[in-house]
Number of protein chains: 2
Amino acid sequence: MRLSTKGRYAVTAMLDLALNSGNGPVTLADISVNQGISLSYLEQLFAALRAKQLVRGIRGPGGGYYLGKGSDQISIADIICAVDEWVEFTRCGGRENCRGGERCLTHTLWDQLSDEIFTFLSEISLADLVERGQRKARHEEPLTAQPLNGGKQRAA
Amino acid sequence: MRLSTKGRYAVTAMLDLALNSGNGPVTLADISVNQGISLSYLEQLFAALRAKQLVRGIRGPGGGYYLGKGSDQISIADIICAVDEWVEFTRCGGRENCRGGERCLTHTLWDQLSDEIFTFLSEISLADLVERGQRKARHEEPLTAQPLNGGKQRAA
DNA sequence: GCTATACCCGAGTGCGTTGGTCGGGAACCG
DNA sequence: CGGTTCCCGACCAACGCACTCGGGTATAGC
């Protein structure tokens with residue numbers, strides 16, 4: 001799992017889409033202005049998102065983008081994996097032959113951790129985030145205080 | 001929160017330390033060999049870790065590194081923050097003045113998510129990982145053999 | 001059909017990070 | 001002392017990120 005500004009851009013752009021797709025498709029130009037991301041860079045990100053069916057593009061005037069599926073069907077992990085393409089690290093089966101024992105143990109432990117982070121992000125959907133944001137707007141409560149989906153305990 | 005190869009190196013190195021510090025301090029040379037990380041790069045990482053009191057260095061022959069506190073007192077988030085120094089993004093209170101409403105909402109949602117990931121990693125300690133690995137070692141045979149996350153073809 | 005809109009695509013670029021090198025210290029031990 | 005090992009700073013090649021540029025192509029409205 002990798003977590004960079006690229007993934008953040010993708011997630012916030014998708015959030016923008018989820019929030020605005022009520023009335024017709026959303027143009028990249030709009031998102032560009034809203035999020036302060038360059039248009040061409042957005043096009044690259046959305047090319048990746050489209051390849052993974054996470055968004056659907058409508059060409060021509062009045063066109064734009066829709067979400068590819070329901071916002072509850074799209075997880076944060078989906079989005080990040082789409083743009084960051086999941087570099088496969090520490091799977092010792094590759095060039096580095098673990099000399100049995102120790103080294104491989106640490107790699108394995110890291111893999112476990114990596115997997116847990118992935119699972120964690122898989123369980124949060126766009127809809128979750130949006131719904132939480134709206135709840136916050138209603139109650140006016142600090143966001144960091146309340147843990148969200150109850151599924152946060154790493155189930156191992 | 002940022003999650004890159006740098007953080008991974010730091011975490012695996014700290015795991016190495018946690019596993020081996022039973023009999024005396026561990027030298028960076030050992031970790032370098034075990035983990036396949038260059039000695040000089042390790043020194044850079046450990047300079048950051050030492051600054052945050054996560055490790056304690058012993059100079060001279062027979063020297064090396066100890067953990068700075070108990071392995072149950074050191075979280076994964078601590079380690080990653082020490083080496084990646086937590087670039088604070090999207091806190092709109094900075095240079096980007098959110099034009100009220102929308103844009104700030106997506107930023108807020110991302111911040112929430114970021115906080116959650118951080119909390120998640122804060123709740124996993126080195127001791128947790130080690131203990132989990134040992135439990136696994138008792139029950140099953142080689143750690144490398146079994147794909148622990150069900151393959152890796154994640155949601156693609 | 002024309003044309004404007006907006007998606008689509010690929011090559012290229014400045015820059016910061018990554019991972020590493022080199023050289024020289026400072027503390028410690030026999 | 002002399003060797004070991006941590007400590008520190010400067011420097012560097014390669015890479016990925018974020019972005020730009022310059023074209024396309026499909027569609028809607030006229």
# chains A, B, ... in the order shown; residues from 1 in each chain; ligands from 1

$ interface_residues --of "chain B" --to "chain A" --cutoff "6 Å" --atoms "only C-alpha atoms" --output "PyMOL selection string"
chain B and resi 2-4+12+34-35+103+106

$ interface_residues --of "chain A" --to "chain D" --cutoff "8 Å" --atoms "only C-alpha atoms (C1' of nucleotides)" --output "count of residues only"
8

$ interface_residues --of "chain C" --to "chain B" --cutoff "8 Å" --atoms "only C-alpha atoms (C1' of nucleotides)" --output "PyMOL selection string"
chain C and resi 18-20+27-29

$ write_last_selection --atoms "N, CA and C atoms (P, O5', C5', C4', C3', O3' and C1' of nucleotides)" --output "compact mmCIF listing (two decimals), in the first residue's frame"
# COMPACT_ATOMS: atom_id res chain seq x y z
P DT C 18 11.24 10.13 0.56
O5' DT C 18 12.12 9.17 -0.34
C5' DT C 18 11.63 8.78 -1.61
C4' DT C 18 12.57 7.80 -2.28
C3' DT C 18 13.32 6.85 -1.34
O3' DT C 18 13.36 5.58 -1.95
C1' DT C 18 14.88 8.08 -2.61
P DG C 19 13.52 4.30 -1.04
O5' DG C 19 15.06 3.95 -1.21
C5' DG C 19 15.54 3.62 -2.50
C4' DG C 19 17.02 3.88 -2.56
C3' DG C 19 17.84 3.22 -1.45
O3' DG C 19 18.69 2.25 -2.04
C1' DG C 19 18.56 5.43 -1.87
P DG C 20 19.80 1.49 -1.16
O5' DG C 20 21.09 2.39 -1.37
C5' DG C 20 21.54 2.60 -2.70
C4' DG C 20 22.63 3.62 -2.71
C3' DG C 20 23.81 3.30 -1.79
O3' DG C 20 24.88 2.79 -2.58
C1' DG C 20 23.25 5.63 -1.86
P DA C 27 32.87 12.94 22.16
O5' DA C 27 32.79 11.42 22.61
C5' DA C 27 31.52 10.88 22.96
C4' DA C 27 31.55 9.39 22.74
C3' DA C 27 32.14 8.60 23.92
O3' DA C 27 31.19 7.64 24.29
C1' DA C 27 33.10 7.90 21.87
P DC C 28 31.14 7.12 25.82
O5' DC C 28 31.88 5.71 25.72
C5' DC C 28 31.33 4.72 24.88
C4' DC C 28 32.39 3.75 24.44
C3' DC C 28 33.21 3.10 25.57
O3' DC C 28 32.65 1.81 25.78
C1' DC C 28 34.47 3.53 23.58
P DC C 29 33.08 0.95 27.06
O5' DC C 29 34.22 0.02 26.48
C5' DC C 29 33.92 -0.84 25.38
C4' DC C 29 35.18 -1.48 24.86
C3' DC C 29 36.06 -2.08 25.97
O3' DC C 29 36.30 -3.44 25.67
C1' DC C 29 37.34 -0.70 24.51

$ atom_distance --atom1 "CA of Ser125 (chain A)" --atom2 "C1' of DC7 (chain C)"
26.3 Å

$ atom_distance --atom1 "CA of Gln73 (chain A)" --atom2 "CA of Arg50 (chain A)"
15.0 Å

$ atom_distance --atom1 "CA of Ala47 (chain A)" --atom2 "C1' of DA11 (chain C)"
16.1 Å
